[in-house]
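What follows is the content of data-v1.cif, which has mmCIF, C-alpha atoms:
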```
data_protein
loop_
_atom_site.group_PDB
_atom_site.id
_atom_site.type_symbol
_atom_site.label_atom_id
_atom_site.label_comp_id
_atom_site.auth_asym_id
_atom_site.auth_seq_id
_atom_site.Cartn_x
_atom_site.Cartn_y
_atom_site.Cartn_z
ATOM 1 C CA MET A 1 0.000 0.000 0.000
ATOM 2 C CA SER A 2 1.063 3.551 -0.532
ATOM 3 C CA THR A 3 2.383 5.666 2.310
ATOM 4 C CA GLU A 4 0.732 8.623 0.564
ATOM 5 C CA ASN A 5 -2.845 8.647 1.762
ATOM 6 C CA ASN A 6 -4.887 10.219 -1.015
ATOM 7 C CA SER A 7 -7.835 11.326 1.058
ATOM 8 C CA THR A 8 -10.835 13.222 -0.214
ATOM 9 C CA LEU A 9 -11.372 14.829 3.209
ATOM 10 C CA LYS A 10 -7.717 15.862 3.442
ATOM 11 C CA SER A 11 -7.944 17.439 -0.009
ATOM 12 C CA TYR A 12 -10.926 19.553 1.089
ATOM 13 C CA ILE A 13 -9.098 20.700 4.224
ATOM 14 C CA ASP A 14 -5.927 21.517 2.264
ATOM 15 C CA SER A 15 -7.942 23.416 -0.347
ATOM 16 C CA ALA A 16 -9.682 25.492 2.327
ATOM 17 C CA THR A 17 -6.360 26.164 4.081
ATOM 18 C CA GLY A 18 -4.814 27.270 0.805
ATOM 19 C CA ALA A 19 -7.763 29.548 0.028
ATOM 20 C CA VAL A 20 -7.500 31.219 3.434
ATOM 21 C CA GLN A 21 -3.723 31.655 3.109
ATOM 22 C CA ASN A 22 -4.169 33.078 -0.381
ATOM 23 C CA ALA A 23 -6.871 35.511 0.828
ATOM 24 C CA VAL A 24 -4.826 36.640 3.839
ATOM 25 C CA GLY A 25 -1.788 37.149 1.607
ATOM 26 C CA ASN A 26 -3.942 39.186 -0.756
ATOM 27 C CA ILE A 27 -5.346 41.345 2.073
ATOM 28 C CA ILE A 28 -1.978 42.091 3.669
ATOM 29 C CA GLY A 29 -0.176 42.331 0.320
ATOM 30 C CA ASN A 30 2.157 39.383 0.917
ATOM 31 C CA ARG A 31 2.776 37.791 -2.488
ATOM 32 C CA GLY A 32 4.622 34.868 -0.872
ATOM 33 C CA ASP A 33 1.548 33.873 1.140
ATOM 34 C CA GLN A 34 -0.625 34.337 -1.943
ATOM 35 C CA ALA A 35 1.596 32.044 -4.010
ATOM 36 C CA GLU A 36 1.902 29.466 -1.236
ATOM 37 C CA GLY A 37 -1.876 29.474 -0.731
ATOM 38 C CA GLN A 38 -2.442 28.999 -4.468
ATOM 39 C CA LEU A 39 0.065 26.147 -4.516
ATOM 40 C CA LYS A 40 -1.735 24.437 -1.602
ATOM 41 C CA GLN A 41 -5.026 24.717 -3.470
ATOM 42 C CA GLU A 42 -3.546 23.221 -6.646
ATOM 43 C CA LYS A 43 -2.013 20.355 -4.680
ATOM 44 C CA ALA A 44 -5.368 19.747 -2.962
ATOM 45 C CA HIS A 45 -7.154 19.549 -6.317
ATOM 46 C CA ALA A 46 -4.611 17.014 -7.569
ATOM 47 C CA GLU A 47 -4.965 15.005 -4.345
ATOM 48 C CA HIS A 48 -8.761 15.009 -4.689
ATOM 49 C CA ALA A 49 -8.475 13.648 -8.222
ATOM 50 C CA ALA A 50 -5.985 10.986 -7.081
ATOM 51 C CA SER A 51 -8.288 9.915 -4.249
ATOM 52 C CA HIS A 52 -10.907 9.007 -6.863
ATOM 53 C CA ASP A 53 -8.573 7.264 -9.319
ATOM 54 C CA ALA A 54 -9.423 3.622 -9.727
ATOM 55 C CA ALA A 55 -8.979 1.011 -12.423
ATOM 56 C CA LYS A 56 -12.153 -1.043 -12.698
ATOM 57 C CA LEU A 57 -11.527 -4.417 -14.277
ATOM 58 C CA PRO A 58 -13.827 -7.432 -14.441
ATOM 59 C CA GLY A 59 -14.109 -8.837 -10.944
ATOM 60 C CA PHE A 60 -11.961 -6.337 -9.063
ATOM 61 C CA THR A 61 -10.877 -2.721 -8.604
ATOM 62 C CA ALA A 62 -7.394 -1.273 -8.087
ATOM 63 C CA THR A 63 -6.780 2.237 -6.744
ATOM 64 C CA SER A 64 -3.887 4.652 -7.075
ATOM 65 C CA ASP A 65 -2.978 3.733 -3.464
ATOM 66 C CA GLY A 66 -2.085 0.243 -4.704
ATOM 67 C CA ALA A 67 -5.065 -1.422 -3.031
ATOM 68 C CA VAL A 68 -7.005 -4.138 -4.821
ATOM 69 C CA ALA A 69 -10.517 -5.270 -3.875
ATOM 70 C CA ALA A 70 -12.501 -8.157 -5.321
ATOM 71 C CA ASP A 71 -16.104 -7.498 -6.309
ATOM 72 C CA HIS A 72 -18.874 -9.151 -4.332
ATOM 73 C CA PRO A 73 -19.797 -12.440 -6.111
ATOM 74 C CA ASP A 74 -23.382 -11.216 -6.688
ATOM 75 C CA ARG A 75 -22.041 -8.561 -9.043
ATOM 76 C CA ALA A 76 -20.494 -11.035 -11.488
ATOM 77 C CA SER A 77 -23.334 -13.559 -11.147
ATOM 78 C CA GLY A 78 -25.908 -10.851 -11.756
ATOM 79 C CA SER A 79 -24.026 -9.594 -14.798
ATOM 80 C CA TRP A 80 -23.888 -13.095 -16.304
ATOM 81 C CA LYS A 81 -27.582 -13.576 -15.607
ATOM 82 C CA GLN A 82 -28.317 -10.339 -17.472
ATOM 83 C CA THR A 83 -26.261 -11.501 -20.437
ATOM 84 C CA ALA A 84 -28.008 -14.882 -20.542
ATOM 85 C CA GLY A 85 -31.386 -13.175 -20.205
ATOM 86 C CA ALA A 86 -30.632 -10.765 -23.047
ATOM 87 C CA ALA A 87 -29.535 -13.684 -25.252
ATOM 88 C CA LYS A 88 -32.754 -15.596 -24.512
ATOM 89 C CA GLU A 89 -34.802 -12.492 -25.189
ATOM 90 C CA PHE A 90 -33.023 -11.962 -28.525
ATOM 91 C CA ILE A 91 -33.396 -15.606 -29.585
ATOM 92 C CA GLY A 92 -37.042 -15.622 -28.513
ATOM 93 C CA GLY A 93 -37.688 -12.523 -30.590
ATOM 94 C CA THR A 94 -35.812 -13.944 -33.560
ATOM 95 C CA ILE A 95 -37.625 -17.289 -33.642
ATOM 96 C CA GLY A 96 -40.964 -15.813 -32.586
ATOM 97 C CA SER A 97 -41.155 -17.508 -29.167
ATOM 98 C CA GLU A 98 -42.903 -15.087 -26.816
ATOM 99 C CA GLU A 99 -42.370 -17.532 -23.937
ATOM 100 C CA LEU A 100 -38.577 -17.587 -24.421
ATOM 101 C CA LYS A 101 -38.567 -13.813 -24.884
ATOM 102 C CA GLN A 102 -40.430 -13.273 -21.594
ATOM 103 C CA ALA A 103 -38.178 -15.775 -19.778
ATOM 104 C CA GLY A 104 -35.177 -13.818 -21.031
ATOM 105 C CA ARG A 105 -36.620 -10.519 -19.795
ATOM 106 C CA GLN A 106 -37.299 -12.071 -16.388
ATOM 107 C CA GLU A 107 -33.771 -13.479 -16.136
ATOM 108 C CA ASN A 108 -32.355 -10.094 -17.161
ATOM 109 C CA ARG A 109 -34.351 -8.328 -14.400
ATOM 110 C CA GLU A 110 -33.242 -10.906 -11.834
ATOM 111 C CA GLY A 111 -29.625 -10.374 -12.898
ATOM 112 C CA GLN A 112 -29.968 -6.600 -12.553
ATOM 113 C CA GLU A 113 -31.362 -7.012 -9.035
ATOM 114 C CA GLN A 114 -28.631 -9.467 -8.043
ATOM 115 C CA GLU A 115 -25.893 -7.190 -9.385
ATOM 116 C CA ALA A 116 -27.421 -4.211 -7.554
ATOM 117 C CA ARG A 117 -27.424 -6.191 -4.276
ATOM 118 C CA GLY A 118 -23.725 -6.917 -4.760
ATOM 119 C CA GLN A 119 -23.013 -3.253 -5.452
ATOM 120 C CA VAL A 120 -24.850 -2.166 -2.296
ATOM 121 C CA LYS A 121 -22.919 -4.748 -0.278
ATOM 122 C CA ASP A 122 -19.610 -3.510 -1.732
ATOM 123 C CA LEU A 123 -20.510 0.126 -1.031
ATOM 124 C CA GLY A 124 -21.456 -0.652 2.566
ATOM 125 C CA GLU A 125 -18.501 -2.922 3.275
ATOM 126 C CA GLY A 126 -16.113 -0.479 1.625
ATOM 127 C CA ALA A 127 -17.404 2.459 3.675
ATOM 128 C CA LYS A 128 -17.238 0.387 6.873
ATOM 129 C CA ASP A 129 -13.652 -0.723 6.168
ATOM 130 C CA ARG A 130 -12.573 2.811 5.313
ATOM 131 C CA PHE A 131 -14.043 4.152 8.553
ATOM 132 C CA THR A 132 -12.678 1.308 10.686
ATOM 133 C CA GLY A 133 -9.265 1.598 9.032
ATOM 134 C CA GLN A 134 -9.146 5.358 9.559
ATOM 135 C CA LEU A 135 -10.234 5.135 13.195
ATOM 136 C CA GLY A 136 -8.020 2.142 13.991
ATOM 137 C CA GLY A 137 -5.048 3.763 12.286
ATOM 138 C CA ALA A 138 -5.476 6.908 14.359
ATOM 139 C CA ALA A 139 -5.694 4.882 17.575
ATOM 140 C CA ALA A 140 -2.624 2.827 16.610
ATOM 141 C CA ALA A 141 -0.707 6.027 15.838
ATOM 142 C CA LEU A 142 -1.582 7.421 19.273
ATOM 143 C CA VAL A 143 -0.021 4.425 21.010
ATOM 144 C CA GLY A 144 2.865 4.192 18.540
ATOM 145 C CA ASP A 145 1.972 0.754 17.124
ATOM 146 C CA ARG A 146 3.361 1.011 13.577
ATOM 147 C CA GLU A 147 2.419 -2.568 12.657
ATOM 148 C CA LYS A 148 -1.252 -2.051 13.557
ATOM 149 C CA GLN A 149 -1.197 1.337 11.877
ATOM 150 C CA THR A 150 -0.080 -0.342 8.639
ATOM 151 C CA GLU A 151 -2.772 -3.034 8.982
ATOM 152 C CA TYR A 152 -5.464 -0.419 9.460
ATOM 153 C CA GLN A 153 -4.155 1.625 6.529
ATOM 154 C CA THR A 154 -4.411 -1.491 4.347
ATOM 155 C CA GLN A 155 -7.977 -2.067 5.574
ATOM 156 C CA HIS A 156 -8.827 1.566 4.730
ATOM 157 C CA ASP A 157 -7.254 1.335 1.264
ATOM 158 C CA VAL A 158 -8.982 -1.938 0.345
ATOM 159 C CA GLY A 159 -12.307 -0.510 1.565
ATOM 160 C CA LYS A 160 -11.717 2.522 -0.613
ATOM 161 C CA ALA A 161 -11.026 0.315 -3.649
ATOM 162 C CA GLN A 162 -14.169 -1.696 -2.950
ATOM 163 C CA GLN A 163 -16.267 1.454 -2.633
ATOM 164 C CA ARG A 164 -14.761 3.120 -5.732
ATOM 165 C CA GLY A 165 -15.404 -0.022 -7.811
ATOM 166 C CA ALA A 166 -19.075 -0.073 -6.880
ATOM 167 C CA GLU A 167 -19.375 3.676 -7.486
ATOM 168 C CA HIS A 168 -17.784 3.236 -10.919
ATOM 169 C CA ASP A 169 -20.243 0.529 -11.951
ATOM 170 C CA ILE A 170 -23.250 2.396 -10.573
ATOM 171 C CA GLN A 171 -22.219 5.538 -12.467
ATOM 172 C CA LYS A 172 -21.676 3.542 -15.664
ATOM 173 C CA GLU A 173 -25.153 1.997 -15.366
ATOM 174 C CA ALA A 174 -26.757 5.393 -14.666
ATOM 175 C CA GLU A 175 -25.111 6.853 -17.775
ATOM 176 C CA ALA A 176 -26.265 3.889 -19.881
ATOM 177 C CA GLN A 177 -29.807 4.290 -18.558
ATOM 178 C CA LYS A 178 -29.730 8.005 -19.325
ATOM 179 C CA ARG A 179 -28.649 7.287 -22.926
ATOM 180 C CA ALA A 180 -31.387 4.659 -23.256
ATOM 181 C CA ASP A 181 -34.000 7.160 -22.045
ATOM 182 C CA LEU A 182 -33.041 9.680 -24.754
#
```
Using structure tokens, write down the structure from this file.
Amino acid sequence: MSTENNSTLKSYIDSATGAVQNAVGNIIGNRGDQAEGQLKQEKAHAEHAASHDAAKLPGFTATSDGAVAADHPDRASGSWKQTAGAAKEFIGGTIGSEELKQAGRQENREGQEQEARGQVKDLGEGAKDRFTGQLGGAAAALVGDREKQTEYQTQHDVGKAQQRGAEHDIQKEAEAQKRADL
């Protein structure tokens, strides 16, 4: 895992700090503070983007932190069910079998529901692991336990990957639905 923690929250705090420093530098006429504040804001924007970087591949997600999280099995099973349902629906329409066509539609709907359940589970588990990892890491840092701190950081990073993967797929499906509605 990366020792650089690309945190969305940290990027917001750094951006606000940079904006304040820039404004104060502007008010008192200190160009150094203005430039430093602007630099902090730019770094915060880059950190925010990095905290959302993820490579979504079939079955898993990898983040810029180096964490990898496997998708919940319902996501892949649901996707396959949708594919099989769409194939049945197509074949039923091609050969004129309303029964096969309806069975395909039903299987497609069931696959969509199963995939959505897997996505919700990944979102929830990811958020829980991120929170637990953040909290545990802070506690371990307070007592100076580097080993536990690393374990909790890994838990946080994997939770983040899991959450980002589900978010990616949900966004992709929303965009596809929007195009279909047009």
Would you tabulate, counting only C-alpha atoms, all residues of range 22-113 of chain A that have an atom at most 8 Å from an atom of range 161-175 of chain A, showing the closest pair of atoms and their distance in Å to one decimal, sorted by chain then ascending number, as JSON lines?
```
{"residue": "A:His52", "atom": "CA", "partner": "A:Arg164", "partner_atom": "CA", "distance": 7.1}
{"residue": "A:Ala54", "atom": "CA", "partner": "A:Arg164", "partner_atom": "CA", "distance": 6.7}
{"residue": "A:Ala55", "atom": "CA", "partner": "A:Gly165", "partner_atom": "CA", "distance": 8.0}
{"residue": "A:Lys56", "atom": "CA", "partner": "A:Gly165", "partner_atom": "CA", "distance": 6.0}
{"residue": "A:Phe60", "atom": "CA", "partner": "A:Gly165", "partner_atom": "CA", "distance": 7.3}
{"residue": "A:Thr61", "atom": "CA", "partner": "A:Gly165", "partner_atom": "CA", "distance": 5.3}
{"residue": "A:Ala62", "atom": "CA", "partner": "A:Ala161", "partner_atom": "CA", "distance": 6.0}
{"residue": "A:Thr63", "atom": "CA", "partner": "A:Ala161", "partner_atom": "CA", "distance": 5.6}
{"residue": "A:Ala67", "atom": "CA", "partner": "A:Ala161", "partner_atom": "CA", "distance": 6.2}
{"residue": "A:Val68", "atom": "CA", "partner": "A:Ala161", "partner_atom": "CA", "distance": 6.1}
{"residue": "A:Ala69", "atom": "CA", "partner": "A:Gln162", "partner_atom": "CA", "distance": 5.2}
{"residue": "A:Ala70", "atom": "CA", "partner": "A:Gln162", "partner_atom": "CA", "distance": 7.1}
{"residue": "A:Asp71", "atom": "CA", "partner": "A:Gln162", "partner_atom": "CA", "distance": 7.0}
```
Take CA of Phe90 in chain A and CA of Gly118 in chain A and report the distance between them in Å, one decimal.
-> 26.0 Å
List the residues selected by the PyMOL selection byres ((chain A and resi 85) around 12) in the file shown, writing them as number ranges by chain.
-> A: 78-84, 86-92, 100-112
Print the selection's residues with C-alpha atoms to a file, as a tab-separated table (two decimals), keeping the file's coordinate frame.
```tsv
chain	number	residue	atom	x	y	z
A	78	GLY	CA	-25.91	-10.85	-11.76
A	79	SER	CA	-24.03	-9.59	-14.80
A	80	TRP	CA	-23.89	-13.10	-16.30
A	81	LYS	CA	-27.58	-13.58	-15.61
A	82	GLN	CA	-28.32	-10.34	-17.47
A	83	THR	CA	-26.26	-11.50	-20.44
A	84	ALA	CA	-28.01	-14.88	-20.54
A	86	ALA	CA	-30.63	-10.76	-23.05
A	87	ALA	CA	-29.54	-13.68	-25.25
A	88	LYS	CA	-32.75	-15.60	-24.51
A	89	GLU	CA	-34.80	-12.49	-25.19
A	90	PHE	CA	-33.02	-11.96	-28.52
A	91	ILE	CA	-33.40	-15.61	-29.58
A	92	GLY	CA	-37.04	-15.62	-28.51
A	100	LEU	CA	-38.58	-17.59	-24.42
A	101	LYS	CA	-38.57	-13.81	-24.88
A	102	GLN	CA	-40.43	-13.27	-21.59
A	103	ALA	CA	-38.18	-15.78	-19.78
A	104	GLY	CA	-35.18	-13.82	-21.03
A	105	ARG	CA	-36.62	-10.52	-19.80
A	106	GLN	CA	-37.30	-12.07	-16.39
A	107	GLU	CA	-33.77	-13.48	-16.14
A	108	ASN	CA	-32.35	-10.09	-17.16
A	109	ARG	CA	-34.35	-8.33	-14.40
A	110	GLU	CA	-33.24	-10.91	-11.83
A	111	GLY	CA	-29.62	-10.37	-12.90
A	112	GLN	CA	-29.97	-6.60	-12.55
```
Distance CA of Ala76 in chain A-CA of Ala127 in chain A, one decimal place?
-> 20.5 Å
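With CA of Gly137 in chain A on one side and CA of Thr17 in chain A on the other, the separation reads 23.9 Å.
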Would you compute an axis-aligned box for range 135-148 of chain A, covering every atom listed for it in the file with 3 Å of margin on each side, and report centre and edge lengths in Å to one decimal as JSON?
```
{"center_x": -3.4, "center_y": 2.4, "center_z": 16.6, "size_x": 19.6, "size_y": 16.0, "size_z": 14.7}
```
Could you name the residues that touch range 141-157 of chain A at 7 Å or less, counting all atoms listed in the file, but leaving out those on the same chain fewer than 2 positions away, as an MDAnalysis selection string?
-> chainID A and resid 1 65 67 129:131 133:134 136:139 159:161
Would you mind completing range 162-181 of chain A to N, CA and C atoms and writing the output as a PDB file, in the frame of the given file?
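Ended up saving to selection-v2.pdb:
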```pdb
ATOM      1  N   GLN A 162     -12.877  -1.018  -2.854  1.00  0.00           N
ATOM      2  CA  GLN A 162     -14.169  -1.696  -2.950  1.00  0.00           C
ATOM      3  C   GLN A 162     -15.280  -0.680  -3.216  1.00  0.00           C
ATOM      4  N   GLN A 163     -15.257   0.409  -2.487  1.00  0.00           N
ATOM      5  CA  GLN A 163     -16.267   1.454  -2.633  1.00  0.00           C
ATOM      6  C   GLN A 163     -16.155   2.120  -4.009  1.00  0.00           C
ATOM      7  N   ARG A 164     -14.948   2.462  -4.435  1.00  0.00           N
ATOM      8  CA  ARG A 164     -14.761   3.120  -5.732  1.00  0.00           C
ATOM      9  C   ARG A 164     -15.214   2.217  -6.882  1.00  0.00           C
ATOM     10  N   GLY A 165     -14.967   0.912  -6.766  1.00  0.00           N
ATOM     11  CA  GLY A 165     -15.404  -0.022  -7.811  1.00  0.00           C
ATOM     12  C   GLY A 165     -16.914  -0.051  -7.953  1.00  0.00           C
ATOM     13  N   ALA A 166     -17.611  -0.085  -6.835  1.00  0.00           N
ATOM     14  CA  ALA A 166     -19.075  -0.073  -6.880  1.00  0.00           C
ATOM     15  C   ALA A 166     -19.577   1.258  -7.429  1.00  0.00           C
ATOM     16  N   GLU A 167     -18.970   2.353  -6.983  1.00  0.00           N
ATOM     17  CA  GLU A 167     -19.375   3.676  -7.486  1.00  0.00           C
ATOM     18  C   GLU A 167     -19.184   3.760  -8.994  1.00  0.00           C
ATOM     19  N   HIS A 168     -18.072   3.222  -9.492  1.00  0.00           N
ATOM     20  CA  HIS A 168     -17.784   3.236 -10.919  1.00  0.00           C
ATOM     21  C   HIS A 168     -18.884   2.510 -11.688  1.00  0.00           C
ATOM     22  N   ASP A 169     -19.225   1.314 -11.247  1.00  0.00           N
ATOM     23  CA  ASP A 169     -20.243   0.529 -11.951  1.00  0.00           C
ATOM     24  C   ASP A 169     -21.626   1.172 -11.872  1.00  0.00           C
ATOM     25  N   ILE A 170     -21.955   1.732 -10.728  1.00  0.00           N
ATOM     26  CA  ILE A 170     -23.250   2.396 -10.573  1.00  0.00           C
ATOM     27  C   ILE A 170     -23.333   3.603 -11.504  1.00  0.00           C
ATOM     28  N   GLN A 171     -22.257   4.379 -11.572  1.00  0.00           N
ATOM     29  CA  GLN A 171     -22.219   5.538 -12.467  1.00  0.00           C
ATOM     30  C   GLN A 171     -22.345   5.108 -13.920  1.00  0.00           C
ATOM     31  N   LYS A 172     -21.634   4.046 -14.291  1.00  0.00           N
ATOM     32  CA  LYS A 172     -21.676   3.542 -15.664  1.00  0.00           C
ATOM     33  C   LYS A 172     -23.103   3.107 -16.027  1.00  0.00           C
ATOM     34  N   GLU A 173     -23.776   2.435 -15.117  1.00  0.00           N
ATOM     35  CA  GLU A 173     -25.153   1.997 -15.366  1.00  0.00           C
ATOM     36  C   GLU A 173     -26.104   3.184 -15.459  1.00  0.00           C
ATOM     37  N   ALA A 174     -25.904   4.199 -14.622  1.00  0.00           N
ATOM     38  CA  ALA A 174     -26.757   5.393 -14.666  1.00  0.00           C
ATOM     39  C   ALA A 174     -26.599   6.114 -16.002  1.00  0.00           C
ATOM     40  N   GLU A 175     -25.354   6.201 -16.489  1.00  0.00           N
ATOM     41  CA  GLU A 175     -25.111   6.853 -17.775  1.00  0.00           C
ATOM     42  C   GLU A 175     -25.742   6.058 -18.914  1.00  0.00           C
ATOM     43  N   ALA A 176     -25.647   4.728 -18.851  1.00  0.00           N
ATOM     44  CA  ALA A 176     -26.265   3.889 -19.881  1.00  0.00           C
ATOM     45  C   ALA A 176     -27.787   4.056 -19.858  1.00  0.00           C
ATOM     46  N   GLN A 177     -28.359   4.121 -18.676  1.00  0.00           N
ATOM     47  CA  GLN A 177     -29.807   4.290 -18.558  1.00  0.00           C
ATOM     48  C   GLN A 177     -30.229   5.655 -19.100  1.00  0.00           C
ATOM     49  N   LYS A 178     -29.433   6.661 -18.835  1.00  0.00           N
ATOM     50  CA  LYS A 178     -29.730   8.005 -19.325  1.00  0.00           C
ATOM     51  C   LYS A 178     -29.720   8.027 -20.854  1.00  0.00           C
ATOM     52  N   ARG A 179     -28.718   7.366 -21.455  1.00  0.00           N
ATOM     53  CA  ARG A 179     -28.649   7.287 -22.926  1.00  0.00           C
ATOM     54  C   ARG A 179     -29.849   6.523 -23.485  1.00  0.00           C
ATOM     55  N   ALA A 180     -30.250   5.458 -22.784  1.00  0.00           N
ATOM     56  CA  ALA A 180     -31.387   4.659 -23.256  1.00  0.00           C
ATOM     57  C   ALA A 180     -32.692   5.440 -23.178  1.00  0.00           C
ATOM     58  N   ASP A 181     -32.790   6.356 -22.220  1.00  0.00           N
ATOM     59  CA  ASP A 181     -34.000   7.160 -22.045  1.00  0.00           C
ATOM     60  C   ASP A 181     -34.117   8.253 -23.093  1.00  0.00           C
TER      61      ASP A 181
END
```
